[in-house]
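Asker: Quick one, model_12.cif (mmCIF, C-alpha atoms):
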data_protein
loop_
_atom_site.group_PDB
_atom_site.id
_atom_site.type_symbol
_atom_site.label_atom_id
_atom_site.label_comp_id
_atom_site.auth_asym_id
_atom_site.auth_seq_id
_atom_site.Cartn_x
_atom_site.Cartn_y
_atom_site.Cartn_z
ATOM 1 C CA MET T 30 0.955 20.362 18.866
ATOM 2 C CA ALA T 31 1.909 17.279 16.825
ATOM 3 C CA GLN T 32 2.416 17.771 13.100
ATOM 4 C CA LEU T 33 -0.279 16.343 10.845
ATOM 5 C CA ASP T 34 1.003 13.135 9.258
ATOM 6 C CA PHE T 35 0.073 12.031 5.754
ATOM 7 C CA HIS T 36 -1.791 8.896 6.827
ATOM 8 C CA THR T 37 -4.156 10.791 9.153
ATOM 9 C CA PHE T 38 -4.655 13.582 6.618
ATOM 10 C CA PHE T 39 -5.510 11.181 3.778
ATOM 11 C CA ARG T 40 -7.805 9.069 5.952
ATOM 12 C CA ARG T 41 -9.840 12.129 6.943
ATOM 13 C CA LEU T 42 -10.149 13.203 3.310
ATOM 14 C CA THR T 43 -11.391 9.798 2.173
ATOM 15 C CA GLU T 44 -13.947 9.799 4.975
ATOM 16 C CA ALA T 45 -15.342 13.254 4.197
ATOM 17 C CA THR T 46 -14.938 13.685 0.422
ATOM 18 C CA ALA T 47 -15.101 11.809 -2.865
ATOM 19 C CA ILE T 48 -11.306 11.485 -2.900
ATOM 20 C CA GLU T 49 -10.288 7.817 -3.102
ATOM 21 C CA SER T 50 -6.712 7.811 -4.326
ATOM 22 C CA GLN T 51 -3.584 9.895 -4.301
ATOM 23 C CA GLN T 52 -4.277 10.735 -7.950
ATOM 24 C CA ASP T 53 -7.698 12.082 -6.920
ATOM 25 C CA LEU T 54 -5.945 14.232 -4.320
ATOM 26 C CA ALA T 55 -3.492 15.568 -6.894
ATOM 27 C CA THR T 56 -6.390 16.436 -9.215
ATOM 28 C CA ALA T 57 -8.299 18.219 -6.444
ATOM 29 C CA LEU T 58 -5.221 20.283 -5.559
ATOM 30 C CA GLY T 59 -4.200 20.913 -9.155
ATOM 31 C CA VAL T 60 -0.702 19.531 -8.597
ATOM 32 C CA ASN T 61 1.368 16.770 -10.150
ATOM 33 C CA ARG T 62 1.156 13.250 -8.714
ATOM 34 C CA SER T 63 4.832 13.560 -7.731
ATOM 35 C CA ALA T 64 3.960 16.352 -5.279
ATOM 36 C CA ILE T 65 1.704 13.936 -3.390
ATOM 37 C CA THR T 66 4.454 11.317 -3.334
ATOM 38 C CA GLN T 67 6.930 13.856 -1.931
ATOM 39 C CA ALA T 68 4.505 14.920 0.797
ATOM 40 C CA LYS T 69 3.950 11.279 1.730
ATOM 41 C CA ARG T 70 7.690 10.655 1.945
ATOM 42 C CA ARG T 71 8.191 13.734 4.130
ATOM 43 C CA ASP T 72 5.089 12.733 6.134
ATOM 44 C CA ALA T 73 4.112 16.404 6.225
ATOM 45 C CA ILE T 74 1.225 18.335 4.673
ATOM 46 C CA PRO T 75 1.655 21.892 3.295
ATOM 47 C CA GLN T 76 -0.605 24.360 5.080
ATOM 48 C CA LYS T 77 -1.904 25.699 1.763
ATOM 49 C CA TRP T 78 -3.276 22.226 0.978
ATOM 50 C CA ILE T 79 -5.336 22.289 4.163
ATOM 51 C CA LEU T 80 -6.849 25.644 3.258
ATOM 52 C CA ALA T 81 -7.438 24.780 -0.404
ATOM 53 C CA LEU T 82 -9.193 21.492 0.365
ATOM 54 C CA SER T 83 -11.255 23.032 3.150
ATOM 55 C CA ARG T 84 -12.566 25.664 0.719
ATOM 56 C CA GLU T 85 -13.084 23.179 -2.127
ATOM 57 C CA PHE T 86 -15.085 20.648 -0.123
ATOM 58 C CA GLY T 87 -16.623 22.845 2.577
ATOM 59 C CA LEU T 88 -14.563 21.202 5.307
ATOM 60 C CA ASN T 89 -13.720 22.495 8.741
ATOM 61 C CA PRO T 90 -9.956 23.225 8.528
ATOM 62 C CA ASP T 91 -9.510 22.608 12.270
ATOM 63 C CA TRP T 92 -11.009 19.146 11.822
ATOM 64 C CA LEU T 93 -8.902 18.372 8.764
ATOM 65 C CA GLU T 94 -5.659 19.444 10.421
ATOM 66 C CA PHE T 95 -6.214 18.733 14.113
ATOM 67 C CA GLY T 96 -9.298 16.492 14.271
ATOM 68 C CA LYS T 97 -11.214 19.146 16.225
ATOM 69 C CA GLY T 98 -14.961 19.637 15.863
ATOM 70 C CA THR T 99 -16.996 18.264 12.975
ATOM 71 C CA ALA T 100 -15.829 17.530 9.443
ATOM 72 C CA ARG T 101 -18.058 20.161 7.844
ATOM 73 C CA ARG T 102 -17.983 23.861 8.575
ATOM 74 C CA ALA T 103 -20.798 25.111 10.770
ATOM 75 C CA LYS T 104 -23.717 26.794 9.039
ATOM 76 C CA ALA T 105 -23.739 30.594 9.060
ATOM 77 C CA ASP T 106 -27.124 32.367 9.390
ATOM 78 C CA GLY T 107 -28.917 29.152 8.571
ATOM 79 C CA VAL T 108 -27.127 28.772 5.248
ATOM 80 C CA ALA T 109 -25.075 25.648 4.624
ATOM 81 C CA PRO T 110 -21.558 26.103 3.254
ATOM 82 C CA ALA T 111 -21.420 26.051 -0.516
ATOM 83 C CA VAL T 112 -20.470 22.827 -2.229
ATOM 84 C CA PRO T 113 -18.367 23.251 -5.368
ATOM 85 C CA ALA T 114 -20.200 22.518 -8.609
ATOM 86 C CA SER T 115 -17.518 19.984 -9.502
ATOM 87 C CA ALA T 116 -18.484 17.937 -6.449
ATOM 88 C CA HIS T 117 -22.249 17.775 -7.126
ATOM 89 C CA SER T 118 -22.089 15.090 -9.782
ATOM 90 C CA GLU T 119 -19.895 12.882 -7.614
ATOM 91 C CA GLN T 120 -22.186 13.303 -4.614
ATOM 92 C CA ASN T 121 -25.241 12.448 -6.694
ATOM 93 C CA ILE T 122 -23.616 9.313 -8.070
ATOM 94 C CA ARG T 123 -22.416 8.064 -4.707
ATOM 95 C CA THR T 124 -23.959 8.855 -1.351
ATOM 96 C CA GLU T 125 -21.667 6.597 0.656
ATOM 97 C CA LEU T 126 -17.890 6.468 0.554
ATOM 98 C CA PRO T 127 -16.315 3.023 0.164
ATOM 99 C CA ALA T 128 -14.883 1.344 3.236
ATOM 100 C CA ILE T 129 -11.125 1.618 3.544
ATOM 101 C CA ALA T 130 -8.533 -0.548 5.244
ATOM 102 C CA THR T 131 -4.918 -0.039 6.206
ATOM 103 C CA VAL T 132 -2.193 -2.544 5.365
ATOM 104 C CA PRO T 133 1.067 -2.462 7.344
ATOM 105 C CA LYS T 134 4.386 -2.164 5.574
ATOM 106 C CA VAL T 135 7.080 -4.011 7.503
ATOM 107 C CA TYR T 136 10.781 -3.274 7.783
ATOM 108 C CA ALA T 137 11.678 -6.702 6.366
ATOM 109 C CA ARG T 138 12.824 -6.606 2.752
ATOM 110 C CA LEU T 139 12.435 -9.368 0.186
ATOM 111 C CA CYS T 140 15.529 -10.176 -1.798
ATOM 112 C CA ALA T 141 15.196 -10.921 -5.509
ATOM 113 C CA GLY T 142 18.547 -12.659 -5.376
ATOM 114 C CA GLY T 143 20.339 -14.781 -2.822
ATOM 115 C CA GLY T 144 18.328 -13.785 0.249
ATOM 116 C CA SER T 145 17.786 -10.833 2.548
ATOM 117 C CA PHE T 146 18.797 -10.756 6.194
ATOM 118 C CA ASP T 147 16.462 -7.766 6.749
ATOM 119 C CA VAL T 148 13.697 -9.822 8.340
ATOM 120 C CA GLU T 149 12.324 -7.473 11.014
ATOM 121 C CA ALA T 150 8.541 -7.840 11.136
ATOM 122 C CA ALA T 151 7.947 -4.515 12.940
ATOM 123 C CA VAL T 152 5.609 -2.115 11.146
ATOM 124 C CA ALA T 153 7.371 0.753 9.379
ATOM 125 C CA GLU T 154 4.251 2.533 8.097
ATOM 126 C CA GLU T 155 0.694 1.884 6.937
ATOM 127 C CA HIS T 156 -0.917 2.283 3.512
ATOM 128 C CA ILE T 157 -4.578 2.861 2.702
ATOM 129 C CA PHE T 158 -6.563 0.630 0.323
ATOM 130 C CA ARG T 159 -10.212 0.119 -0.527
ATOM 131 C CA GLN T 160 -11.577 -2.749 1.548
ATOM 132 C CA ASP T 161 -13.500 -4.307 -1.357
ATOM 133 C CA TRP T 162 -10.405 -4.243 -3.581
ATOM 134 C CA LEU T 163 -8.333 -6.025 -0.948
ATOM 135 C CA SER T 164 -11.073 -8.610 -0.434
ATOM 136 C CA ARG T 165 -10.978 -9.485 -4.113
ATOM 137 C CA LYS T 166 -7.252 -10.181 -3.782
ATOM 138 C CA GLY T 167 -7.460 -12.379 -0.693
ATOM 139 C CA THR T 168 -7.679 -11.900 3.079
ATOM 140 C CA PRO T 169 -7.106 -8.226 3.995
ATOM 141 C CA GLY T 170 -6.271 -8.917 7.642
ATOM 142 C CA SER T 171 -3.425 -11.229 6.599
ATOM 143 C CA MET T 172 -1.753 -8.840 4.174
ATOM 144 C CA VAL T 173 1.529 -6.970 4.561
ATOM 145 C CA LEU T 174 3.568 -4.774 2.239
ATOM 146 C CA MET T 175 7.283 -5.398 1.690
ATOM 147 C CA ASP T 176 10.001 -3.734 -0.377
ATOM 148 C CA VAL T 177 12.058 -5.719 -2.873
ATOM 149 C CA PHE T 178 15.722 -5.352 -3.690
ATOM 150 C CA GLY T 179 17.830 -7.244 -6.195
ATOM 151 C CA ASN T 180 17.203 -8.096 -9.843
ATOM 152 C CA SER T 181 16.642 -11.862 -9.950
ATOM 153 C CA MET T 182 12.902 -11.456 -10.661
ATOM 154 C CA GLU T 183 13.222 -8.894 -13.440
ATOM 155 C CA PRO T 184 11.439 -7.974 -15.587
ATOM 156 C CA GLU T 185 8.313 -9.015 -13.626
ATOM 157 C CA ILE T 186 9.474 -7.562 -10.296
ATOM 158 C CA ARG T 187 12.191 -4.928 -10.169
ATOM 159 C CA GLU T 188 14.425 -3.603 -7.458
ATOM 160 C CA GLY T 189 12.588 -0.933 -5.482
ATOM 161 C CA ASP T 190 9.129 -2.379 -6.113
ATOM 162 C CA MET T 191 6.735 -2.765 -3.201
ATOM 163 C CA VAL T 192 4.716 -5.987 -3.125
ATOM 164 C CA LEU T 193 1.507 -6.935 -1.347
ATOM 165 C CA VAL T 194 1.845 -10.316 0.363
ATOM 166 C CA ASP T 195 -1.212 -12.303 1.449
ATOM 167 C CA GLN T 196 0.041 -14.465 4.293
ATOM 168 C CA SER T 197 -3.154 -16.544 4.243
ATOM 169 C CA GLN T 198 -2.227 -17.963 0.818
ATOM 170 C CA LYS T 199 0.448 -20.542 1.569
ATOM 171 C CA ASP T 200 -0.684 -23.339 -0.736
ATOM 172 C CA LEU T 201 1.886 -23.829 -3.473
ATOM 173 C CA TYR T 202 0.665 -23.319 -7.034
ATOM 174 C CA ALA T 203 3.304 -23.869 -9.711
ATOM 175 C CA GLY T 204 4.393 -20.655 -11.394
ATOM 176 C CA SER T 205 2.921 -18.303 -8.783
ATOM 177 C CA ILE T 206 5.205 -15.816 -7.051
ATOM 178 C CA TYR T 207 5.686 -16.084 -3.302
ATOM 179 C CA ALA T 208 7.525 -14.457 -0.449
ATOM 180 C CA VAL T 209 9.502 -17.262 1.167
ATOM 181 C CA GLY T 210 11.880 -17.753 4.045
ATOM 182 C CA PHE T 211 14.870 -20.064 4.029
ATOM 183 C CA GLU T 212 16.985 -20.353 7.151
ATOM 184 C CA ASP T 213 17.628 -16.738 8.226
ATOM 185 C CA THR T 214 16.769 -15.035 4.920
ATOM 186 C CA VAL T 215 13.639 -13.982 3.031
ATOM 187 C CA MET T 216 13.213 -13.891 -0.741
ATOM 188 C CA VAL T 217 10.703 -13.496 -3.559
ATOM 189 C CA LYS T 218 10.596 -16.375 -6.064
ATOM 190 C CA ARG T 219 8.412 -18.478 -8.328
ATOM 191 C CA LEU T 220 7.877 -21.882 -6.763
ATOM 192 C CA GLU T 221 7.679 -25.393 -8.150
ATOM 193 C CA ARG T 222 7.102 -28.533 -6.088
ATOM 194 C CA LYS T 223 8.842 -31.740 -7.140
ATOM 195 C CA PRO T 224 9.096 -35.109 -5.384
ATOM 196 C CA GLY T 225 11.133 -34.519 -2.252
ATOM 197 C CA GLU T 226 12.017 -30.914 -3.031
ATOM 198 C CA VAL T 227 10.845 -27.381 -3.708
ATOM 199 C CA VAL T 228 12.470 -25.444 -6.544
ATOM 200 C CA LEU T 229 12.831 -21.653 -6.323
ATOM 201 C CA HIS T 230 12.897 -20.077 -9.783
ATOM 202 C CA SER T 231 14.037 -16.588 -10.784
ATOM 203 C CA ASP T 232 12.669 -14.769 -13.837
ATOM 204 C CA ASN T 233 16.119 -13.372 -14.614
ATOM 205 C CA PRO T 234 17.988 -16.054 -16.636
ATOM 206 C CA ASP T 235 21.272 -15.010 -15.018
ATOM 207 C CA TYR T 236 20.119 -16.755 -11.816
ATOM 208 C CA SER T 237 20.027 -20.545 -11.510
ATOM 209 C CA PRO T 238 17.130 -22.321 -9.769
ATOM 210 C CA LEU T 239 17.573 -23.012 -6.070
ATOM 211 C CA HIS T 240 16.684 -26.558 -5.003
ATOM 212 C CA ILE T 241 15.521 -27.069 -1.408
ATOM 213 C CA ARG T 242 15.491 -30.756 -0.472
ATOM 214 C CA GLY T 243 15.968 -33.193 2.362
ATOM 215 C CA ASP T 244 16.641 -31.689 5.788
ATOM 216 C CA GLU T 245 16.764 -28.221 4.205
ATOM 217 C CA LEU T 246 12.984 -28.324 3.863
ATOM 218 C CA GLU T 247 12.708 -28.008 7.648
ATOM 219 C CA ASN T 248 14.198 -24.513 7.359
ATOM 220 C CA PHE T 249 11.996 -23.481 4.428
ATOM 221 C CA ARG T 250 8.662 -21.704 4.787
ATOM 222 C CA ILE T 251 6.157 -19.936 2.550
ATOM 223 C CA ILE T 252 5.370 -16.488 3.954
ATOM 224 C CA GLY T 253 2.566 -15.767 1.484
ATOM 225 C CA ARG T 254 1.653 -15.251 -2.151
ATOM 226 C CA ILE T 255 2.384 -11.987 -3.971
ATOM 227 C CA VAL T 256 -0.985 -10.564 -5.056
ATOM 228 C CA TRP T 257 -0.041 -7.040 -6.216
ATOM 229 C CA ILE T 258 2.996 -4.954 -7.139
ATOM 230 C CA SER T 259 3.512 -1.204 -6.795
ATOM 231 C CA ARG T 260 6.185 0.587 -8.783
ATOM 232 C CA GLU T 261 7.235 4.223 -8.829
ATOM 233 C CA TYR T 262 8.871 5.514 -11.983
ATOM 234 C CA ARG T 263 12.242 7.079 -11.446
#
What do you get writing this file as structure tokens?

Answerer:
Amino acid sequence: MAQLDFHTFFRRLTEATAIESQQDLATALGVNRSAITQAKRRDAIPQKWILALSREFGLNPDWLEFGKGTARRAKADGVAPAVPASAHSEQNIRTELPAIATVPKVYARLCAGGGSFDVEAAVAEEHIFRQDWLSRKGTPGSMVLMDVFGNSMEPEIREGDMVLVDQSQKDLYAGSIYAVGFEDTVMVKRLERKPGEVVLHSDNPDYSPLHIRGDELENFRIIGRIVWISREYR
């Protein structure tokens, strides 16, 4: 039988419990946030987590792990499974869980430097967000996640950061940060439009502006605007 992957596990939890974030999951399990990150990277869920969460929230462990049956444990002798006291207040406050959406993370990497040749648009993995939060940022169905390498945008964007790119936002606003393509490379830069040219600015003063003009503009494209940054502390 296929091993339970993190994405499926987390989606089921958000559907059946008050858990909304990875921090909520860490709190429910009584573990550090780093333990959740490690499980996500391994794409594997410890069996003891399945059992602990099933007991805590009255879930059917077969459903949580394998998707079999219903989310809640069957009643025994007409008595519903106990709901932990810690969950009552949350259930009273909110009777419906927020809608969630997945955003694909692509293999392509944005270079904060001279340009990345890693431009493969295939999906590497998917990440879960609240639908209403994404809608406030832009158009959820047009969003992708991309990793950044290089230091030309420091301190605003650092190497190893993951950025959320809204591909529906292609209008150029001076000073905003965009994912852009030039010839066969992709980059992350602040943009400025001038007569007959587009200027790509780096936040790091060690990097000079890149001027795209004339026939070069035919090989330049705006992929989308950066609307959010995720950073893990190392």

Asker: For Gly59 (chain T), which residue among T:Glu85, T:Asp176, T:Glu44, T:Asp200 is the nearest when counting only C-alpha atoms?

Answerer: T:Glu85

Asker: Distance CA of Glu183 (chain T)-CA of Ser164 (chain T), one decimal place?

Answerer: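 We find that CA of Glu183 (chain T) and CA of Ser164 (chain T) lie 27.6 Å from each other.
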
Asker: So which one's closest to Glu185 (chain T), T:Thr131, T:Gln198, T:Ser237, T:Ser259? Using all atoms listed in the file, please.

Answerer: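 Nearest to Glu185 (chain T): T:Ser259.
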
Asker: Between CA of Leu88 (chain T) and CA of Gln76 (chain T), what is the spacing in Å?

Answerer: 14.3 Å

Asker: Name every residue that the PyMOL selection byres ((chain T and resi 209) around 9) selects in this structure, writing the answer as a list in words with chains first and numbers rising.

Answerer: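 Selected by the PyMOL selection byres ((chain T and resi 209) around 9) here: Leu139, Tyr207, Ala208, Gly210, Phe211, Thr214, Val215, Met216, Val217, Lys218, Phe249, Arg250, Ile251, Ile252, Gly253 and Arg254 of chain T.
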
Asker: Which residues are close to Gly98 (chain T), i.e. within 8 Å by all atoms listed in the file, leaving aside same-chain residues fewer than 6 positions away? Reply as JSON, numbers by chain.

Answerer: {"T": [89, 91, 92]}

Asker: Counting all atoms listed in the file, write as a ChimeraX atom specification all protein and nucleic acid residues lying at most 12 Å from (8.0, 10.2, -2.1) in the file's frame.

Answerer: /T:35,51,62-73,260-263

Asker: Generate a file of the selected residues that holds C-alpha atoms, formatted as a PDB file, keeping the file's coordinate frame.

Answerer:
ATOM      1  CA  PHE T  35       0.073  12.031   5.754  1.00  0.00           C
ATOM      2  CA  GLN T  51      -3.584   9.895  -4.301  1.00  0.00           C
ATOM      3  CA  ARG T  62       1.156  13.250  -8.714  1.00  0.00           C
ATOM      4  CA  SER T  63       4.832  13.560  -7.731  1.00  0.00           C
ATOM      5  CA  ALA T  64       3.960  16.352  -5.279  1.00  0.00           C
ATOM      6  CA  ILE T  65       1.704  13.936  -3.390  1.00  0.00           C
ATOM      7  CA  THR T  66       4.454  11.317  -3.334  1.00  0.00           C
ATOM      8  CA  GLN T  67       6.930  13.856  -1.931  1.00  0.00           C
ATOM      9  CA  ALA T  68       4.505  14.920   0.797  1.00  0.00           C
ATOM     10  CA  LYS T  69       3.950  11.279   1.730  1.00  0.00           C
ATOM     11  CA  ARG T  70       7.690  10.655   1.945  1.00  0.00           C
ATOM     12  CA  ARG T  71       8.191  13.734   4.130  1.00  0.00           C
ATOM     13  CA  ASP T  72       5.089  12.733   6.134  1.00  0.00           C
ATOM     14  CA  ALA T  73       4.112  16.404   6.225  1.00  0.00           C
ATOM     15  CA  ARG T 260       6.185   0.587  -8.783  1.00  0.00           C
ATOM     16  CA  GLU T 261       7.235   4.223  -8.829  1.00  0.00           C
ATOM     17  CA  TYR T 262       8.871   5.514 -11.983  1.00  0.00           C
ATOM     18  CA  ARG T 263      12.242   7.079 -11.446  1.00  0.00           C
TER      19      ARG T 263
END

Asker: Can you work out which one of T:Arg187, T:Gly225, T:Glu212, T:Leu220 has the shortest atom-to-atom distance to Lys199 (chain T), counting all atoms listed in the file?

Answerer: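 Distance minimum relative to Lys199 (chain T) lands on T:Leu220.
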
Asker: Which value, in Å to one decimal, gives the distance between CA of Ile48 (chain T) and CA of Ala151 (chain T)?

Answerer: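 So the two atoms, CA of Ile48 (chain T) and CA of Ala151 (chain T), lie 29.6 Å apart.
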
Asker: Could you give me, as a VMD selection string, the residues within 12 Å of Pro234 (chain T), counting only C-alpha atoms and dropping anything in the same chain fewer than 6 positions from it?

Answerer: chain T and resid 142 180 to 184

Asker: Near Ile129 (chain T), within 9 Å and counting all atoms listed in the file, which residues show up once chain neighbours fewer than 3 positions away are dropped, as a list of chain:residue names?

Answerer: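 Contacts, in chain order: T:Arg40, T:Thr43, T:Glu44, T:Leu126, T:Ile157, T:Phe158, T:Arg159, T:Gln160, T:Asp161.
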
Asker: Given the choices T:Ala153, T:Ala141, T:Met191, T:Ile79, which gets closest to Leu42 (chain T) if the distance is worked out from all atoms listed in the file?

Answerer: T:Ile79

Asker: Any chance you could work out the residue set of the PyMOL selection byres ((chain T and resi 172) around 12) here, as a ChimeraX atom specification?

Answerer: /T:130-135,155-156,158,160,163-164,166-171,173-175,192-198,208,252-257

Asker: Store the residues picked out above, limited to C-alpha atoms, as a PDB file, keeping the file's coordinate frame.

Answerer:
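And here is the file that came out, result-v7.pdb:
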ATOM      1  CA  ALA T 130      -8.533  -0.548   5.244  1.00  0.00           C
ATOM      2  CA  THR T 131      -4.918  -0.039   6.206  1.00  0.00           C
ATOM      3  CA  VAL T 132      -2.193  -2.544   5.365  1.00  0.00           C
ATOM      4  CA  PRO T 133       1.067  -2.462   7.344  1.00  0.00           C
ATOM      5  CA  LYS T 134       4.386  -2.164   5.574  1.00  0.00           C
ATOM      6  CA  VAL T 135       7.080  -4.011   7.503  1.00  0.00           C
ATOM      7  CA  GLU T 155       0.694   1.884   6.937  1.00  0.00           C
ATOM      8  CA  HIS T 156      -0.917   2.283   3.512  1.00  0.00           C
ATOM      9  CA  PHE T 158      -6.563   0.630   0.323  1.00  0.00           C
ATOM     10  CA  GLN T 160     -11.577  -2.749   1.548  1.00  0.00           C
ATOM     11  CA  LEU T 163      -8.333  -6.025  -0.948  1.00  0.00           C
ATOM     12  CA  SER T 164     -11.073  -8.610  -0.434  1.00  0.00           C
ATOM     13  CA  LYS T 166      -7.252 -10.181  -3.782  1.00  0.00           C
ATOM     14  CA  GLY T 167      -7.460 -12.379  -0.693  1.00  0.00           C
ATOM     15  CA  THR T 168      -7.679 -11.900   3.079  1.00  0.00           C
ATOM     16  CA  PRO T 169      -7.106  -8.226   3.995  1.00  0.00           C
ATOM     17  CA  GLY T 170      -6.271  -8.917   7.642  1.00  0.00           C
ATOM     18  CA  SER T 171      -3.425 -11.229   6.599  1.00  0.00           C
ATOM     19  CA  VAL T 173       1.529  -6.970   4.561  1.00  0.00           C
ATOM     20  CA  LEU T 174       3.568  -4.774   2.239  1.00  0.00           C
ATOM     21  CA  MET T 175       7.283  -5.398   1.690  1.00  0.00           C
ATOM     22  CA  VAL T 192       4.716  -5.987  -3.125  1.00  0.00           C
ATOM     23  CA  LEU T 193       1.507  -6.935  -1.347  1.00  0.00           C
ATOM     24  CA  VAL T 194       1.845 -10.316   0.363  1.00  0.00           C
ATOM     25  CA  ASP T 195      -1.212 -12.303   1.449  1.00  0.00           C
ATOM     26  CA  GLN T 196       0.041 -14.465   4.293  1.00  0.00           C
ATOM     27  CA  SER T 197      -3.154 -16.544   4.243  1.00  0.00           C
ATOM     28  CA  GLN T 198      -2.227 -17.963   0.818  1.00  0.00           C
ATOM     29  CA  ALA T 208       7.525 -14.457  -0.449  1.00  0.00           C
ATOM     30  CA  ILE T 252       5.370 -16.488   3.954  1.00  0.00           C
ATOM     31  CA  GLY T 253       2.566 -15.767   1.484  1.00  0.00           C
ATOM     32  CA  ARG T 254       1.653 -15.251  -2.151  1.00  0.00           C
ATOM     33  CA  ILE T 255       2.384 -11.987  -3.971  1.00  0.00           C
ATOM     34  CA  VAL T 256      -0.985 -10.564  -5.056  1.00  0.00           C
ATOM     35  CA  TRP T 257      -0.041  -7.040  -6.216  1.00  0.00           C
TER      36      TRP T 257
END

Asker: Would you kindly return, as a list in words, each protein, DNA or RNA residue with an atom no farther than 12 Å from any atom of Arg242 (chain T), considering only C-alpha atoms and excluding same-chain residues fewer than 5 positions away?

Answerer: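 Answer for this query is Phe211, Arg222, Lys223, Pro224, Gly225, Glu226, Val227, Val228, Leu229, Glu247, Asn248 and Phe249 of chain T.
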
Asker: Build an axis-aligned box that encloses every atom of region 40-50 of chain T listed in the file, pad it by 8 Å on each side, and report its centre and edge lengths in Å to one decimal, as AutoDock Vina command-line options.

Answerer:
--center_x -11.0 --center_y 10.7 --center_z 1.3 --size_x 24.6 --size_y 21.9 --size_z 27.3

Asker: Under the rule that all atoms listed in the file are counted, which of T:Tyr236, T:Trp78, T:Trp162, T:Phe86 is the nearest residue to Val60 (chain T)?

Answerer: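 Of T:Tyr236, T:Trp78, T:Trp162, T:Phe86, the one nearest Val60 (chain T), counting all atoms listed in the file, is T:Trp78.
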
Asker: Please write the residues picked by the PyMOL selection byres ((chain T and resi 95) around 10) on this file as a list in words.

Answerer: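 This file, filtered by the PyMOL selection byres ((chain T and resi 95) around 10), leaves Met30, Ala31, Gln32, Leu33, Thr37, Phe38, Asn89, Pro90, Asp91, Trp92, Leu93, Glu94, Gly96, Lys97 and Gly98 of chain T.
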